[in-house]
Amino acid sequence: MGLSLRSWIANEGGKHCILITWLSVSAWIFWRTFILYCSGAEYHYLHKMLGLGLCISRASATVLNLNCSLVLLPMCRSILTVLRGTRQVSSKKARRLLDKSKTFHVTCGVAICVFSVVHVGAHLVNVVSFSVRYSDEFPALNVAHYRGQSVPGITGVLLVLVLFLMFTASSHSVRVGNYEIFWYTHNLFILFYVVLLMHVVGGALKYQTNVDAHPPGCIPANQTRAHSDTWPNQEVDGELVAESREMSLVCKEDAHFQPHFPQTWLWVLGPLCLYCGERLYRYIRCNASVTIVSVVRHPCDVIEVRMLKNSFKARPGQVSPTLSSAVMNSSSCPTENKETFGIHVRVVGDWTACFSELLLPDLEHSEILPMTNQRRYPKLYVDGPFGSPSEEVFNYEVSVCVAGGIGVTPFACIMHALLDEWRRYKLQRLYFVWVCRELNSFYWFAELLCGLHRKLWEQNRPDYLNIRLYLTTAQELQNLTDEKYRPLHSRLLIGRPKLKLLFEEIGRSNQHKKVGVFCCAPKGVSRELHKLCNSFSASGTVFEYNKESFS
């Protein structure tokens, strides 16, 4: 499958420009620091003692400072949400770049791990060099003479340990299998930054402060006098050549050394304060618990929770993680319904199973309780809402939404918004593809789809919404039996969607247009869609790929 340059630039151009800029800045500061410690006059004697290990350790430390400051910015989700909704970020390309914030966060995290390994390796070489090349001439440079030499070592070990825990717990298998491990270990970032600021206080590496009075390689005055007695001066053209050369290399005073003033805090303090302020704002905002209005158990282990919360306003397509007992579980998008809003949660894993049990305990027999004896629900806290790629559905004339199972929840918000008033949006046609393993899964939003379909027919826009439902594991021909779901009967297909044929059909119907493609589905479907968006070149249609991500 070949690439279309125009489609590739539309989908990958901005992301790769940011990546190239980041790589260029990282390479520049690495090289600049490397050359400074390799050939800088103030580091002449330290470099003579430690060699290449000094240059690599300091250069990698500078890159670590850069990435430790950048890694926090993409996680300021409230700030990114505000930027999404302001006129200052009016460009669709800029908003789509904001949706790549998690990718940039992961990239900076990987860079921190890689350069930490390089930094630790270079310092291990430095430890050996300090021992092998012990300097009697400049005892101040020897790390063994410094009282606080243990501070960099102890804090360095702690940093490596914390980073190892955070990195290993960030793997996809851990996030999916036990999200709490990922959540708690990632909150070790507080300890990481505290220890990082302590790490640079060690001051084991020192620079020369009196380069003018003591040029690198100069000869002490007492050695110069002894040398003059041994070698008589030679006069050439009336000048004392030997004497002039020696005088130019004579040290006026002994070399003085002192540790650098710590600079790491200059890099990380601003982003760290910004992130901590944003987290504090989110904590205050979600500190008031919501009022649970109703809890409904849907087929295929899905529960719907409808809630009330003061001052909660969500734009269609935004996401809202749920917090309960200080444990976060990324669930689904809020679907607003006038005064209330709701979330749909698929029960998979220990946390969601416990959450479901608290909301809907299994009863041996059904019973009707009087109002005064109604069961109390647990306290539930909602953080958000936050911006997401699905908000851009309305900013295309033609959009394609592809959902897999419970991944339909972001697009349910879109359907609710269209059901309220579809005319006020730029969107003129919506292709909706929903793939499920079980027939009962379609009942989650069957009434919503049928209601929107009927409304569009009544208003003479039957071509506005194109619904395609795919059942992948049918043993025999099945269908939605209820009469009220009749509009969906002919739109239910057996098997998997032929996405390439769908793209060709959409391309023929919408020539020379930009089509927004939105995906919240398993990785296999997501990869196929991404490749199709980058490779499609027929009919002048450009498919712009947008992917939802909750983990």
# chains A, B, ... in the order shown; residues from 1 in each chain; ligands from 1

call {"tool": "residues_around", "arguments": {"residues": "segment 442-448 of chain A", "least_positions_apart": "3", "cutoff": "7 Å", "atoms": "only C-alpha atoms", "output": "tab-separated table (two decimals) with all heavy atoms, in the first residue's frame"}}
result
chain	number	residue	atom	x	y	z
A	298	HIS	N	-26.91	-2.39	31.14
A	298	HIS	CA	-27.16	-2.70	29.74
A	298	HIS	C	-26.61	-4.09	29.41
A	298	HIS	O	-25.84	-4.66	30.20
A	298	HIS	CB	-26.49	-1.65	28.83
A	298	HIS	CG	-27.15	-0.31	28.89
A	298	HIS	ND1	-28.39	-0.05	28.36
A	298	HIS	CD2	-26.72	0.87	29.42
A	298	HIS	CE1	-28.71	1.22	28.53
A	298	HIS	NE2	-27.72	1.80	29.19
A	439	LEU	N	-24.60	-9.28	19.31
A	439	LEU	CA	-25.75	-8.53	18.81
A	439	LEU	C	-26.32	-7.60	19.88
A	439	LEU	O	-26.74	-6.47	19.59
A	439	LEU	CB	-26.84	-9.50	18.33
A	439	LEU	CG	-28.11	-8.87	17.77
A	439	LEU	CD1	-27.82	-8.16	16.46
A	439	LEU	CD2	-29.21	-9.91	17.60
A	451	GLY	N	-33.82	7.25	16.74
A	451	GLY	CA	-34.41	8.57	16.93
A	451	GLY	C	-33.80	9.61	16.02
A	451	GLY	O	-34.51	10.43	15.41
A	452	LEU	N	-32.46	9.59	15.87
A	452	LEU	CA	-31.80	10.53	14.97
A	452	LEU	C	-32.16	10.25	13.52
A	452	LEU	O	-32.38	11.17	12.71
A	452	LEU	CB	-30.28	10.44	15.18
A	452	LEU	CG	-29.42	11.38	14.32
A	452	LEU	CD1	-29.81	12.84	14.53
A	452	LEU	CD2	-27.93	11.16	14.62
A	485	TYR	N	-36.85	-0.84	16.29
A	485	TYR	CA	-35.50	-0.76	15.74
A	485	TYR	C	-35.47	-1.09	14.25
A	485	TYR	O	-34.42	-1.41	13.69
A	485	TYR	CB	-34.55	-1.71	16.48
A	485	TYR	CG	-34.47	-1.45	17.96
A	485	TYR	CD1	-34.50	-2.51	18.88
A	485	TYR	CD2	-34.36	-0.16	18.46
A	485	TYR	CE1	-34.43	-2.28	20.24
A	485	TYR	CE2	-34.28	0.07	19.83
A	485	TYR	CZ	-34.32	-0.98	20.71
A	485	TYR	OH	-34.24	-0.75	22.07

call {"tool": "residues_around", "arguments": {"residues": "Cys450 of chain A", "least_positions_apart": "3", "cutoff": "12 Å", "atoms": "only C-alpha atoms", "output": "list in words"}}
result
Met415, His416, Leu419, Phe442, Tyr443, Trp444, Phe445, Ala446, Glu447, His453, Arg454, Lys455, Leu456, Trp457, Leu465, Asn466, Ile467, Leu480, Asp482, Glu483, Lys484, Tyr485, Arg486, Pro487, Leu488, His489 and Arg491 of chain A

call {"tool": "residues_around", "arguments": {"residues": "Gly153 of chain A", "least_positions_apart": "5", "cutoff": "9 Å", "atoms": "only C-alpha atoms", "output": "list in words"}}
result
Leu158, His199 and Gly202 of chain A

call {"tool": "residues_around", "arguments": {"residues": "Arg429 of chain A", "least_positions_apart": "3", "cutoff": "8 Å", "atoms": "only C-alpha atoms", "output": "PyMOL selection string"}}
result
chain A and resi 397-399+463-466

call {"tool": "atom_distance", "arguments": {"atom1": "atom CA of Leu97 of chain A", "atom2": "atom CA of Val400 of chain A"}}
result
19.4 Å

call {"tool": "residues_around", "arguments": {"residues": "segment 3-14 of chain A", "least_positions_apart": "5", "cutoff": "6 Å", "atoms": "only C-alpha atoms", "output": "PyMOL selection string"}}
result
chain A and resi 534-535+537+542+544

call {"tool": "write_last_selection", "arguments": {"atoms": "N, CA, C and O atoms", "output": "short mmCIF file (atom, residue, chain, number, x, y, z; two decimals), in the first residue's frame"}}
result
data_model
loop_
_atom_site.label_atom_id
_atom_site.label_comp_id
_atom_site.auth_asym_id
_atom_site.auth_seq_id
_atom_site.Cartn_x
_atom_site.Cartn_y
_atom_site.Cartn_z
N ASN A 534 -3.42 7.62 5.06
CA ASN A 534 -2.13 8.10 4.54
C ASN A 534 -1.90 7.71 3.09
O ASN A 534 -1.08 8.33 2.41
N SER A 535 -2.62 6.71 2.59
CA SER A 535 -2.35 6.19 1.25
C SER A 535 -3.41 6.56 0.22
O SER A 535 -3.15 6.46 -0.98
N SER A 537 -5.43 8.29 -2.46
CA SER A 537 -5.08 9.39 -3.37
C SER A 537 -6.08 9.58 -4.50
O SER A 537 -5.91 10.49 -5.31
N VAL A 542 -8.97 13.97 0.59
CA VAL A 542 -7.98 13.80 1.65
C VAL A 542 -8.70 13.36 2.92
O VAL A 542 -9.63 14.03 3.38
N GLU A 544 -8.39 12.86 6.81
CA GLU A 544 -7.58 13.27 7.96
C GLU A 544 -7.92 12.38 9.15
O GLU A 544 -9.07 12.34 9.61
#

call {"tool": "atom_distance", "arguments": {"atom1": "atom CA of Lys500 of chain A", "atom2": "atom CA of Cys533 of chain A"}}
result
9.8 Å
